[in-house]
$ cat data.txt   # compact mmCIF, C-alpha atoms and all ligand atoms
# COMPACT_ATOMS: atom_id res chain seq x y z
CA MET A 1071 91.88 98.69 129.85
CA TYR A 1072 93.22 100.23 126.63
CA LEU A 1073 93.19 98.95 123.06
CA ILE A 1074 96.10 99.78 120.75
CA ILE A 1075 96.02 98.98 117.06
CA GLY A 1076 99.52 98.41 115.71
CA SER A 1077 102.69 97.21 117.45
CA GLY A 1078 105.15 99.48 115.63
CA LEU A 1079 107.28 102.04 117.43
CA SER A 1080 104.38 104.47 118.07
CA GLY A 1081 102.03 101.84 119.46
CA ALA A 1082 104.75 100.09 121.48
CA VAL A 1083 105.85 103.29 123.24
CA ILE A 1084 102.26 104.12 124.21
CA ALA A 1085 101.67 100.55 125.44
CA GLU A 1086 104.87 100.74 127.49
CA ARG A 1087 103.84 104.03 129.11
CA ILE A 1088 100.27 102.95 129.88
CA SER A 1089 101.36 99.64 131.40
CA ASN A 1090 104.36 100.93 133.34
CA ILE A 1091 103.09 104.35 134.44
CA LEU A 1092 99.30 104.03 134.64
CA LYS A 1093 99.57 100.33 135.57
CA GLU A 1094 96.62 99.62 133.31
CA LYS A 1095 96.01 96.66 131.02
CA VAL A 1096 96.64 97.02 127.29
CA ILE A 1097 95.56 94.84 124.39
CA ILE A 1098 97.53 95.29 121.17
CA ILE A 1099 96.04 94.14 117.89
CA GLU A 1100 98.61 93.58 115.12
CA LYS A 1101 97.64 92.64 111.59
CA LEU A 1102 101.09 91.26 110.72
CA GLU A 1103 102.59 88.04 112.04
CA HIS A 1104 105.20 89.93 114.03
CA ILE A 1105 105.59 92.94 116.31
CA GLY A 1106 107.62 96.04 115.48
CA GLY A 1107 105.88 97.40 112.38
CA ASN A 1108 108.32 98.69 109.82
CA CYS A 1109 111.20 98.56 112.33
CA TYR A 1110 111.01 94.76 112.43
CA ASP A 1111 114.37 93.04 112.01
CA TYR A 1112 115.49 89.41 112.18
CA ILE A 1113 118.60 87.25 111.82
CA ASP A 1114 118.89 85.77 108.33
CA GLU A 1115 119.29 81.99 108.68
CA THR A 1116 121.91 81.37 105.99
CA THR A 1117 124.26 84.22 106.80
CA GLY A 1118 123.53 84.96 110.47
CA ILE A 1119 123.27 88.64 109.57
CA LEU A 1120 120.73 90.94 111.26
CA CYS A 1121 118.51 92.43 108.53
CA ASN A 1122 115.59 94.84 108.53
CA LYS A 1123 112.56 93.34 106.82
CA TYR A 1124 111.33 96.75 105.66
CA GLY A 1125 114.50 98.62 104.78
CA ALA A 1126 117.41 100.12 106.70
CA HIS A 1127 116.58 102.08 109.84
CA ILE A 1128 119.19 104.36 111.39
CA PHE A 1129 118.20 105.98 114.64
CA HIS A 1130 119.24 109.62 114.89
CA THR A 1131 118.09 112.39 117.18
CA ASN A 1132 118.93 115.65 118.90
CA ASN A 1133 116.06 115.22 121.31
CA GLU A 1134 117.42 114.63 124.83
CA GLU A 1135 114.12 113.27 126.21
CA VAL A 1136 113.86 110.71 123.44
CA TRP A 1137 117.50 109.76 123.92
CA GLU A 1138 116.99 109.33 127.65
CA TYR A 1139 113.84 107.30 127.04
CA ILE A 1140 115.44 104.78 124.67
CA ASN A 1141 118.35 104.42 127.07
CA SER A 1142 116.09 103.49 129.96
CA PHE A 1143 115.71 99.94 128.62
CA GLU A 1144 118.22 97.08 128.39
CA THR A 1145 119.16 97.77 124.77
CA LYS A 1146 122.61 99.27 124.27
CA TRP A 1147 122.68 101.90 121.57
CA ILE A 1148 125.90 101.79 119.57
CA ARG A 1149 127.18 104.81 117.70
CA TRP A 1150 126.81 104.40 113.95
CA GLU A 1151 127.52 107.28 111.58
CA HIS A 1152 125.57 106.40 108.50
CA LYS A 1153 127.05 107.04 105.05
CA VAL A 1154 125.49 106.68 101.63
CA LEU A 1155 127.13 106.45 98.21
CA SER A 1156 125.42 107.10 94.90
CA LEU A 1157 126.61 105.40 91.71
CA ILE A 1158 126.69 108.07 89.01
CA ASP A 1159 128.70 108.07 85.75
CA ASN A 1160 130.46 104.91 87.00
CA LYS A 1161 131.72 106.67 90.12
CA TYR A 1162 130.69 106.31 93.76
CA ILE A 1163 129.70 109.78 94.90
CA PRO A 1164 129.26 110.47 98.63
CA ILE A 1165 125.79 111.68 99.62
CA PRO A 1166 124.83 114.13 101.10
CA ILE A 1167 126.32 116.71 98.82
CA ASN A 1168 129.61 117.96 100.14
CA ILE A 1169 132.86 119.30 98.65
CA THR A 1170 133.99 115.85 97.39
CA SER A 1171 130.69 115.11 95.64
CA VAL A 1172 130.71 118.43 93.77
CA ASN A 1173 134.36 118.07 92.74
CA GLU A 1174 133.93 114.50 91.51
CA LEU A 1175 130.61 114.96 89.77
CA LEU A 1176 131.18 118.32 88.14
CA ASN A 1177 135.00 118.39 87.84
CA GLU A 1178 135.28 121.36 90.16
CA THR A 1179 138.34 122.08 92.33
CA ILE A 1180 136.74 123.38 95.51
CA ASN A 1181 139.18 123.33 98.43
CA ASN A 1182 137.43 124.68 101.48
CA SER A 1183 134.13 125.76 103.02
CA LYS A 1184 134.46 129.34 101.81
CA GLU A 1185 134.84 128.17 98.20
CA MET A 1186 131.99 125.70 98.62
CA ASP A 1187 129.72 128.45 99.97
CA GLU A 1188 130.62 130.58 96.95
CA TRP A 1189 129.93 127.66 94.60
CA LEU A 1190 126.57 126.99 96.23
CA LYS A 1191 125.62 130.67 96.13
CA LYS A 1192 126.49 130.86 92.43
CA ASN A 1193 124.54 127.72 91.55
CA GLN A 1194 121.54 127.83 93.85
CA ILE A 1195 118.43 129.11 92.09
CA LYS A 1196 116.49 131.78 93.94
CA TYR A 1197 112.72 131.52 94.26
CA GLU A 1198 110.45 134.06 95.93
CA ASN A 1199 108.25 131.32 97.20
CA ILE A 1200 109.29 127.65 96.98
CA LYS A 1201 106.29 125.70 95.75
CA ASN A 1202 107.46 122.12 95.28
CA SER A 1203 110.36 119.71 95.69
CA GLU A 1204 112.01 120.60 92.37
CA GLU A 1205 112.30 124.23 93.44
CA MET A 1206 113.37 123.15 96.91
CA ALA A 1207 116.20 121.02 95.50
CA LYS A 1208 117.37 123.59 92.94
CA SER A 1209 117.32 126.34 95.57
CA ARG A 1210 119.69 124.23 97.65
CA ILE A 1211 122.02 122.52 95.16
CA GLY A 1212 121.46 124.10 91.73
CA GLU A 1213 120.42 122.67 88.37
CA ASP A 1214 123.36 120.32 87.54
CA LEU A 1215 123.41 118.37 90.79
CA TYR A 1216 119.63 118.25 90.75
CA ASN A 1217 119.65 116.59 87.33
CA LYS A 1218 122.34 114.06 88.18
CA LEU A 1219 121.42 113.12 91.72
CA ILE A 1220 117.84 113.94 92.44
CA LYS A 1221 115.48 114.12 89.51
CA ASN A 1222 115.53 110.50 88.36
CA TYR A 1223 116.10 108.96 91.77
CA THR A 1224 113.04 110.79 93.03
CA TYR A 1225 111.02 109.66 90.02
CA LYS A 1226 112.03 106.04 90.67
CA GLN A 1227 111.26 106.40 94.37
CA TRP A 1228 107.89 108.16 94.08
CA ASN A 1229 106.77 107.55 90.50
CA LYS A 1230 106.46 111.31 90.42
CA TYR A 1231 108.87 114.07 89.48
CA PRO A 1232 109.94 116.42 92.26
CA LYS A 1233 107.75 119.12 90.70
CA GLU A 1234 104.69 117.07 91.70
CA LEU A 1235 105.82 116.56 95.30
CA ASP A 1236 105.47 118.83 98.29
CA LYS A 1237 108.67 120.75 99.06
CA SER A 1238 109.10 118.86 102.35
CA VAL A 1239 110.35 115.72 100.50
CA LEU A 1240 113.58 117.32 99.31
CA GLU A 1241 113.92 119.47 102.38
CA ARG A 1242 115.07 116.22 104.00
CA ILE A 1243 118.30 115.91 102.03
CA PRO A 1244 121.20 117.69 103.69
CA VAL A 1245 123.88 119.82 101.97
CA LYS A 1246 127.33 120.28 103.51
CA ASN A 1247 129.87 123.01 102.84
CA ASN A 1248 132.74 120.79 104.03
CA TYR A 1249 134.06 117.23 103.63
CA ASP A 1250 131.59 115.71 106.10
CA THR A 1251 130.09 112.66 104.40
CA ARG A 1252 127.85 111.60 107.29
CA TYR A 1253 124.22 111.28 106.25
CA PHE A 1254 123.00 112.74 109.54
CA THR A 1255 124.48 115.42 111.75
CA ASP A 1256 122.39 114.70 114.85
CA LYS A 1257 124.11 114.50 118.21
CA TYR A 1258 123.01 110.89 118.65
CA GLN A 1259 123.26 108.46 115.71
CA VAL A 1260 123.00 104.88 116.80
CA LEU A 1261 121.87 101.33 116.15
CA PRO A 1262 120.46 98.96 118.80
CA ASP A 1263 122.98 96.27 119.79
CA LYS A 1264 120.53 93.40 119.29
CA GLY A 1265 118.18 94.97 116.79
CA TYR A 1266 114.93 96.92 116.81
CA THR A 1267 112.63 93.91 117.31
CA ASN A 1268 114.53 93.14 120.48
CA PHE A 1269 114.16 96.75 121.65
CA ILE A 1270 110.43 96.74 120.95
CA LYS A 1271 110.10 93.44 122.83
CA GLN A 1272 111.61 95.21 125.82
CA LEU A 1273 109.06 98.01 125.52
CA LEU A 1274 106.26 95.44 125.49
CA ASN A 1275 107.70 93.28 128.26
CA ASN A 1276 104.97 93.80 130.84
CA LYS A 1277 102.38 91.29 132.08
CA LEU A 1278 99.69 93.95 131.65
CA ILE A 1279 100.24 93.90 127.85
CA THR A 1280 98.59 91.26 125.65
CA ILE A 1281 99.59 91.12 122.00
CA ILE A 1282 97.27 89.57 119.42
CA LEU A 1283 99.05 88.99 116.09
CA ASN A 1284 97.60 88.25 112.64
CA THR A 1285 94.48 90.22 113.46
CA ASP A 1286 92.95 92.95 111.36
CA TYR A 1287 91.25 95.67 113.37
CA ASN A 1288 88.26 95.90 111.07
CA GLU A 1289 87.63 92.17 111.71
CA TYR A 1290 88.35 92.44 115.43
CA LYS A 1291 85.84 95.21 115.88
CA LYS A 1292 83.07 93.12 114.32
CA ASN A 1293 83.54 90.35 116.86
CA ASN A 1294 84.43 92.21 120.05
CA ASP A 1295 82.80 94.67 122.39
CA LEU A 1296 84.88 97.85 122.16
CA SER A 1297 82.98 99.64 124.91
CA ILE A 1298 85.12 97.87 127.53
CA PHE A 1299 88.12 100.03 126.56
CA LYS A 1300 88.82 103.37 128.21
CA LYS A 1301 90.49 104.52 125.02
CA ILE A 1302 91.28 103.05 121.61
CA ILE A 1303 94.57 104.15 120.10
CA TYR A 1304 94.83 103.57 116.39
CA THR A 1305 98.26 103.65 114.72
CA GLY A 1306 97.34 102.12 111.33
CA SER A 1307 96.65 103.91 108.06
CA ILE A 1308 93.96 106.51 108.58
CA ASP A 1309 92.13 105.67 105.34
CA LYS A 1310 92.08 101.98 106.17
CA TYR A 1311 90.25 102.80 109.40
CA PHE A 1312 87.43 104.32 107.37
CA ASP A 1313 86.96 101.30 105.14
CA ASN A 1314 83.55 102.52 103.97
CA ILE A 1315 85.18 105.43 102.09
CA ASN A 1316 86.36 104.58 98.58
CA GLU A 1317 88.68 107.48 97.86
CA LYS A 1318 92.04 106.34 99.24
CA LEU A 1319 95.32 108.04 100.10
CA GLU A 1320 98.41 107.05 98.11
CA TYR A 1321 101.33 105.21 99.68
CA ARG A 1322 104.60 104.01 98.23
CA SER A 1323 105.71 100.56 99.14
CA ILE A 1324 108.99 98.72 98.55
CA ASN A 1325 109.59 95.43 96.81
CA PHE A 1326 112.71 93.83 98.29
CA ILE A 1327 114.78 91.49 96.15
CA LYS A 1328 116.98 89.38 98.41
CA GLU A 1329 120.28 87.95 97.17
CA ILE A 1330 122.64 85.83 99.24
CA TYR A 1331 126.30 85.54 98.30
CA GLU A 1332 127.99 82.62 100.01
CA ASN A 1333 131.69 82.86 100.83
CA MET A 1334 131.82 86.51 99.87
CA ASN A 1335 133.07 89.11 102.29
CA TYR A 1336 131.27 92.18 100.93
CA TYR A 1337 129.17 92.72 97.82
CA GLN A 1338 129.57 96.51 97.77
CA PRO A 1339 131.82 99.09 99.46
CA ASN A 1340 129.12 100.61 101.69
CA SER A 1341 125.92 99.67 103.56
CA VAL A 1342 123.73 101.69 101.18
CA ILE A 1343 124.34 102.51 97.54
CA ASN A 1344 121.84 104.65 95.63
CA TYR A 1345 121.19 104.19 91.92
CA PRO A 1346 119.76 107.34 90.34
CA ASN A 1347 120.23 105.88 86.82
CA MET A 1348 116.92 105.30 85.02
CA ASN A 1349 118.28 102.13 83.35
CA VAL A 1350 118.48 100.32 86.69
CA PRO A 1351 115.09 99.28 88.12
CA TYR A 1352 116.05 99.52 91.81
CA THR A 1353 116.59 102.75 93.76
CA ARG A 1354 119.18 101.35 96.13
CA ILE A 1355 120.98 98.27 97.40
CA VAL A 1356 121.39 97.70 101.12
CA GLU A 1357 124.04 95.32 102.47
CA TYR A 1358 123.26 94.83 106.16
CA LYS A 1359 126.57 93.18 107.02
CA HIS A 1360 128.18 96.63 107.04
CA PHE A 1361 125.93 97.86 109.87
CA LEU A 1362 127.83 97.44 113.17
CA ASN A 1363 130.48 95.53 111.15
CA GLN A 1364 128.73 92.18 111.48
CA LYS A 1365 130.80 89.04 111.05
CA SER A 1366 129.84 86.25 108.63
CA LYS A 1367 131.48 84.11 105.95
CA HIS A 1368 128.68 85.17 103.63
CA THR A 1369 126.78 88.30 102.77
CA ILE A 1370 123.21 89.27 101.92
CA ILE A 1371 121.87 92.22 99.96
CA PHE A 1372 118.44 93.67 99.27
CA LYS A 1373 117.63 95.55 96.09
CA GLU A 1374 114.80 98.00 96.72
CA ILE A 1375 112.24 98.70 94.04
CA THR A 1376 109.51 101.09 95.11
CA THR A 1377 105.97 100.26 94.04
CA ASP A 1378 102.39 101.38 94.61
CA ILE A 1379 101.28 97.95 95.81
CA GLY A 1380 102.13 96.35 99.16
CA GLU A 1381 102.57 97.40 102.77
CA PRO A 1382 102.25 101.19 103.08
CA TYR A 1383 105.65 102.76 103.86
CA TYR A 1384 105.76 106.28 102.55
CA PRO A 1385 102.84 108.69 102.57
CA VAL A 1386 102.99 110.53 99.21
CA PRO A 1387 102.95 114.27 99.89
CA THR A 1388 101.05 115.74 96.94
CA GLU A 1389 98.36 118.42 96.98
CA ARG A 1390 95.65 115.84 96.32
CA ASN A 1391 96.72 113.63 99.21
CA LYS A 1392 97.07 116.59 101.56
CA LEU A 1393 93.50 117.71 100.90
CA LEU A 1394 92.17 114.18 101.18
CA TYR A 1395 94.06 113.61 104.43
CA ASP A 1396 92.48 116.79 105.86
CA LYS A 1397 89.05 115.28 105.16
CA TYR A 1398 90.00 112.03 106.87
CA LYS A 1399 91.41 114.01 109.78
CA GLU A 1400 88.10 115.81 110.24
CA LEU A 1401 86.33 112.45 110.43
CA ALA A 1402 88.98 111.08 112.77
CA ASP A 1403 88.54 113.99 115.16
CA LYS A 1404 84.85 113.16 115.42
CA GLU A 1405 85.42 109.49 116.23
CA ASN A 1406 84.24 108.72 119.70
CA ASN A 1407 86.96 107.46 122.04
CA VAL A 1408 89.43 106.62 119.23
CA LEU A 1409 92.71 108.52 119.03
CA PHE A 1410 94.95 108.46 115.96
CA VAL A 1411 98.70 108.39 116.58
CA GLY A 1412 101.84 107.71 114.51
CA ARG A 1413 103.15 107.93 110.98
CA LEU A 1414 100.37 106.09 109.16
CA ALA A 1415 97.54 107.59 111.18
CA ASN A 1416 98.94 111.09 110.68
CA TYR A 1417 99.93 110.42 107.07
CA LYS A 1418 103.29 111.99 107.76
CA TYR A 1419 106.78 110.70 107.17
CA PHE A 1420 108.12 110.67 110.75
CA ASN A 1421 111.64 109.63 111.57
CA MET A 1422 111.88 107.13 114.42
CA ASP A 1423 112.73 109.77 117.02
CA GLU A 1424 109.72 111.84 115.97
CA ALA A 1425 107.49 108.78 116.28
CA ILE A 1426 108.77 108.17 119.82
CA ASN A 1427 108.52 111.83 120.76
CA ASN A 1428 104.93 112.05 119.50
CA SER A 1429 103.93 108.95 121.45
CA LEU A 1430 105.54 110.30 124.63
CA LEU A 1431 103.74 113.64 124.25
CA PHE A 1432 100.52 111.81 123.47
CA PHE A 1433 100.87 109.75 126.63
CA ASP A 1434 101.46 112.88 128.71
CA LYS A 1435 98.13 114.18 127.44
CA ILE A 1436 96.24 111.02 128.36
CA ASN A 1437 97.99 110.92 131.70
CA LEU A 1438 96.87 114.46 132.48
CA THR A 1439 93.26 113.73 131.61
CA MET A 1440 93.37 110.62 133.80
CA VAL A 1441 94.70 112.58 136.79
CA ASN A 1442 92.17 115.43 136.39
N1 LIG A 1501 116.84 111.58 97.13
C1 LIG A 1501 117.36 111.68 95.85
N2 LIG A 1501 118.59 111.14 95.59
C2 LIG A 1501 119.31 110.50 96.55
C3 LIG A 1501 118.79 110.40 97.85
C4 LIG A 1501 117.54 110.95 98.12
O1 LIG A 1501 116.72 112.22 94.96
O2 LIG A 1501 120.42 110.01 96.23
C5 LIG A 1501 115.50 112.16 97.39
C6 LIG A 1501 114.35 111.15 97.18
O3 LIG A 1501 113.25 111.84 96.64
C7 LIG A 1501 114.04 110.68 98.57
C8 LIG A 1501 114.29 111.94 99.40
O4 LIG A 1501 115.39 112.57 98.75
O5 LIG A 1501 112.74 110.21 98.69
C9 LIG A 1501 114.60 111.70 100.86
O6 LIG A 1501 115.73 110.86 100.96
P1 LIG A 1501 115.96 109.92 102.23
O7 LIG A 1501 117.30 109.32 102.12
O8 LIG A 1501 115.64 110.69 103.45
O9 LIG A 1501 114.86 108.80 101.95
P2 LIG A 1501 114.53 107.47 102.79
O10 LIG A 1501 115.82 106.87 103.22
O11 LIG A 1501 113.68 107.90 103.89
O12 LIG A 1501 113.82 106.62 101.80
$ encode --input "data.txt" --output "structure tokens"
Amino acid sequence: MYLIIGSGLSGAVIAERISNILKEKVIIIEKLEHIGGNCYDYIDETTGILCNKYGAHIFHTNNEEVWEYINSFETKWIRWEHKVLSLIDNKYIPIPINITSVNELLNETINNSKEMDEWLKKNQIKYENIKNSEEMAKSRIGEDLYNKLIKNYTYKQWNKYPKELDKSVLERIPVKNNYDTRYFTDKYQVLPDKGYTNFIKQLLNNKLITIILNTDYNEYKKNNDLSIFKKIIYTGSIDKYFDNINEKLEYRSINFIKEIYENMNYYQPNSVINYPNMNVPYTRIVEYKHFLNQKSKHTIIFKEITTDIGEPYYPVPTERNKLLYDKYKELADKENNVLFVGRLANYKYFNMDEAINNSLLFFDKINLTMVN
């Protein structure tokens, strides 16, 4: 029998593999009142619209194994090419940066990819060695776009300027030399037909799996004999596991402000609109009705304000946190029979496909040790 802590994507994939392939029993302990971790979604009662409780999740991948895996369940994955607009100087600018965004924001007259490449080359700042996210952004899009689009948005999102953040944060934002306004360029970009909770339910749909909700692992371990488990797989925050250590890692959380608009078709012209302006407290507004063109007489929006308090969503990649994580990792490696998997346990901002891929690779390793 195996014990898994956390029923998010990482934990659910491992539970699915262990129960279906090894045919072994699994107990899942979940501290929240629902399965699915941050992917959890639900139908809003007033509007009938499917909403993510913890912010929009768009599945995108180039990984064929992951794609094949998610398609081996009942869920149908429907193509959805995500787009984002940013409200700057009273104009909606398409993100990621592409020819239209540069022309509209900086009054340029770029006409084709060759001219865009020339513009980028002229404006990108060269660094011998990129040290942080400010340099990363300026090396990719130059000073002007950085100031308008990135600097303040990042401060609102992280409560830190890009200079204080590891370069990986702004390595995530794509730059196009054409008119492509899609947020992702991956081969597969999809949404689940009936939502992520439904998909995760399918992963966990096996009699060998028992799910215990509303249960904190640190409490559970006081009252239960853990020696009955072949392995314990922990997918929660790594620093929460070591609750006797006071120095904690930083996480950013999101405060969601829900607003329902009855008898309104749409509130805004796109599913996600970013607000880099410092005078607005929220970073973005998500209107879920746009996703998969849902039908309702009403609409619902969520304003997202990032905060330090609340459920941990984003690991904060600073030098201090990196060094502290390394210390936790050393302790984790010494833990007897406990394995740490997933975004929170690895203190790394995985996309959903990376979370699935890591869990599949992790399972292959356990499987091998079981066979040998
Ligand atoms: N970002 C920004 N301006 C934008 C969009 C993104 O400065 O309009 C920065 C911000 O620091 C953010 C990072 O780019 O945290 C990654 O953006 P992404 O859209 O991947 O963030 P997520 O959707 O995961 O919160």
$ residues_near_ligand --input "data.txt" --ligand "ligand LIG 1501 (chain A)" --cutoff "10 Å" --atoms "all atoms listed in the file" --output "JSON, numbers by chain"
{"A": [1125, 1126, 1127, 1128, 1154, 1155, 1156, 1157, 1158, 1163, 1164, 1165, 1166, 1167, 1203, 1204, 1207, 1215, 1216, 1217, 1218, 1219, 1220, 1221, 1222, 1223, 1224, 1225, 1226, 1227, 1228, 1229, 1230, 1231, 1232, 1235, 1238, 1239, 1240, 1241, 1242, 1243, 1244, 1253, 1254, 1324, 1342, 1343, 1344, 1345, 1346, 1353, 1354, 1376, 1383, 1384, 1386, 1419, 1420, 1421]}
$ atom_distance --input "data.txt" --atom1 "atom CA of Tyr1124 of chain A" --atom2 "atom CA of Asp1111 of chain A"
8.0 Å
$ closest_residue --input "data.txt" --among "A:Glu1329, A:Asp1295, A:Glu1213, A:Glu1389" --to "Thr1116 of chain A" --atoms "only C-alpha atoms"
A:Glu1329
$ closest_residue --input "data.txt" --among "A:Asn1316, A:Thr1170, A:Gln1259, A:Asn1181" --to "Val1245 of chain A" --atoms "only C-alpha atoms"
A:Thr1170
$ closest_residue --input "data.txt" --among "A:Leu1362, A:Val1083, A:Ile1169, A:Leu1073" --to "Val1136 of chain A" --atoms "all atoms listed in the file"
A:Val1083
$ closest_residue --input "data.txt" --among "A:Tyr1417, A:Met1348, A:Ser1341, A:Tyr1395" --to "Arg1322 of chain A" --atoms "all atoms listed in the file"
A:Tyr1417
$ residues_around --input "data.txt" --residues "Glu1188 of chain A" --least-positions-apart "5" --cutoff "12 Å" --atoms "all atoms listed in the file" --output "tab-separated table (two decimals) with C-alpha atoms, in the frame of the given file"
chain	number	residue	atom	x	y	z
A	1169	ILE	CA	132.86	119.30	98.65
A	1180	ILE	CA	136.74	123.38	95.51
A	1181	ASN	CA	139.18	123.33	98.43
A	1182	ASN	CA	137.43	124.68	101.48
A	1183	SER	CA	134.13	125.76	103.02
A	1193	ASN	CA	124.54	127.72	91.55
A	1194	GLN	CA	121.54	127.83	93.85
A	1211	ILE	CA	122.02	122.52	95.16
A	1247	ASN	CA	129.87	123.01	102.84
$ atom_distance --input "data.txt" --atom1 "atom CA of Tyr1321 of chain A" --atom2 "atom CA of Ile1379 of chain A"
8.2 Å
$ closest_residue --input "data.txt" --among "A:Asn1276, A:Ser1142, A:Asn1416, A:Ser1323" --to "Ile1097 of chain A" --atoms "only C-alpha atoms"
A:Asn1276
$ atom_distance --input "data.txt" --atom1 "atom CA of Ser1077 of chain A" --atom2 "atom CA of Ile1099 of chain A"
7.3 Å
$ closest_residue --input "data.txt" --among "A:Tyr1331, A:Gln1272, A:Glu1320, A:Asn1363" --to "Asn1391 of chain A" --atoms "all atoms listed in the file"
A:Glu1320
$ residues_near_point --input "data.txt" --point "(102.6, 102.2, 123.0)" --cutoff "10 Å" --atoms "all atoms listed in the file" --output "JSON, numbers by chain"
{"A": [1073, 1074, 1075, 1076, 1077, 1078, 1079, 1080, 1081, 1082, 1083, 1084, 1085, 1086, 1087, 1088, 1089, 1096, 1098, 1270, 1273, 1274, 1279, 1303, 1305, 1411, 1426, 1429, 1430, 1432, 1433]}
$ axis_aligned_box --input "data.txt" --around "segment 1321-1333 of chain A" --padding-each-side "4 Å" --output "JSON"
{"center_x": 116.5, "center_y": 93.9, "center_z": 98.5, "size_x": 38.4, "size_y": 30.6, "size_z": 12.7}
$ residues_near_point --input "data.txt" --point "(115.6, 93.6, 100.3)" --cutoff "7 Å" --atoms "all atoms listed in the file" --output "PyMOL selection string"
chain A and resi 1125+1326-1328+1371-1374
$ write_last_selection --input "data.txt" --atoms "C-alpha atoms" --output "short mmCIF file (atom, residue, chain, number, x, y, z; two decimals), in the frame of the given file"
data_model
loop_
_atom_site.label_atom_id
_atom_site.label_comp_id
_atom_site.auth_asym_id
_atom_site.auth_seq_id
_atom_site.Cartn_x
_atom_site.Cartn_y
_atom_site.Cartn_z
CA GLY A 1125 114.50 98.62 104.78
CA PHE A 1326 112.71 93.83 98.29
CA ILE A 1327 114.78 91.49 96.15
CA LYS A 1328 116.98 89.38 98.41
CA ILE A 1371 121.87 92.22 99.96
CA PHE A 1372 118.44 93.67 99.27
CA LYS A 1373 117.63 95.55 96.09
CA GLU A 1374 114.80 98.00 96.72
#
$ residues_around --input "data.txt" --residues "Met1334 of chain A" --least-positions-apart "4" --cutoff "12 Å" --atoms "all atoms listed in the file" --output "MDAnalysis selection string"
chainID A and resid 1117 1329:1330 1338 1359 1365:1371
